[in-house]
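Right, one structure below, let's go through it.
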Amino acid sequence: MKTIKLLGIILLGIFLVGCSENEKKPTLSGKYNVEIVLKDYGTIKVTLDADEAPLTVENFLKLVDKKFYDGLTIHRVVKDFVIQGGDPEGTGQGGSEETIVGEFSSNGINNNLSHTRGTISMARNGMDMNSASSQFFIVQKDATTLDGDYAAFGYVTEGMDIVDKIVEEIEPNDEMGTVEKEKQPIITSIRKVTKKKANN
């Protein structure tokens, strides 16, 4: 299947910086809302789930609080699959200073979030389960083959039309979805909005 083949190519092309020896224990729980503002496109609203992926959400929010993502880009766009961003190099090979433990079943950690349309999940080096850093992707079309191997950590609640528009308008250079630097959509900011306590 073409999507699975593309997935393999894309994941092998993701190389993140840093060590994966992270012994941190989860400190967060509940739901957290963030807004991803994209220049010339609008705002994608996302609810992060720290009950399912606490380390991943904690890492993401820490970077958000540091304004790490401001001015970074969406560097990879694959139709009917994902858009990916959060790399300071804009190449798919960069990341933040730290890496985190992969919160998914093939890494021995239970995570019940499925990679359906609108899922936000962490990119990683396909060879290293604990190599996720700052790069994230949003699933445009159901990609449940990723379940158990990648750390989904929330869902888009508003703005999937923006994801669709990016996929529609941005022409990648290759099957990996690589977007030329000057054509990469810019992340104006990502901000934490509110925390919602889980009721069930």
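All residue names refer to the structure tokens as shown: chains lettered A, B, ... in order, residues numbered from 1 in each chain, ligands numbered from 1 in order.
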All residues 10 Å or closer to Leu72 in chain A, only C-alpha atoms, same chain fewer than 6 positions away omitted, as a ChimeraX atom specification: /A:38,85-90,184-189
Those of chain A in DSSP strand (DSSP E or B), formatted as an MDAnalysis selection string: chainID A and resid 31:38 42:49 73:78 82:85 100 119:122 132 136:139 152:158 178 186:196
Extract, using only C-alpha atoms, all DNA, RNA and protein residues at most 7 Å from Asn130 in chain A, discarding same-chain residues fewer than 3 positions from it, and format them as a JSON list (two decimals) with N, CA and C atoms, in the first residue's frame.
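Output contents, as saved in result06.json:
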```json
[["chain", "number", "residue", "atom", "x", "y", "z"],
["A", 20, "SER", "N", 18.86, 9.39, 24.61],
["A", 20, "SER", "CA", 17.52, 8.91, 24.98],
["A", 20, "SER", "C", 17.49, 8.32, 26.38],
["A", 99, "THR", "N", 15.72, 14.40, 24.61],
["A", 99, "THR", "CA", 14.83, 13.40, 24.01],
["A", 99, "THR", "C", 14.04, 12.74, 25.14],
["A", 100, "ILE", "N", 12.96, 12.08, 24.78],
["A", 100, "ILE", "CA", 12.08, 11.49, 25.79],
["A", 100, "ILE", "C", 11.79, 10.03, 25.49],
["A", 101, "VAL", "N", 11.37, 9.33, 26.52],
["A", 101, "VAL", "CA", 10.97, 7.93, 26.38],
["A", 101, "VAL", "C", 9.72, 7.85, 25.51],
["A", 102, "GLY", "N", 9.71, 6.91, 24.57],
["A", 102, "GLY", "CA", 8.55, 6.74, 23.70],
["A", 102, "GLY", "C", 7.40, 6.08, 24.44]]
```
Polymer residues at most 12 Å from range 47-51 of chain A, only C-alpha atoms, same-chain spacing of 2 or more positions, as number ranges by chain: A: 26-36, 44-45, 53-61, 103, 110-113, 118-121, 151-159, 191-200
Who sits within 9 Å of Val139 in chain A, only C-alpha atoms, same chain under 4 positions skipped, as a ChimeraX atom specification: /A:80-84,115-121,143,163
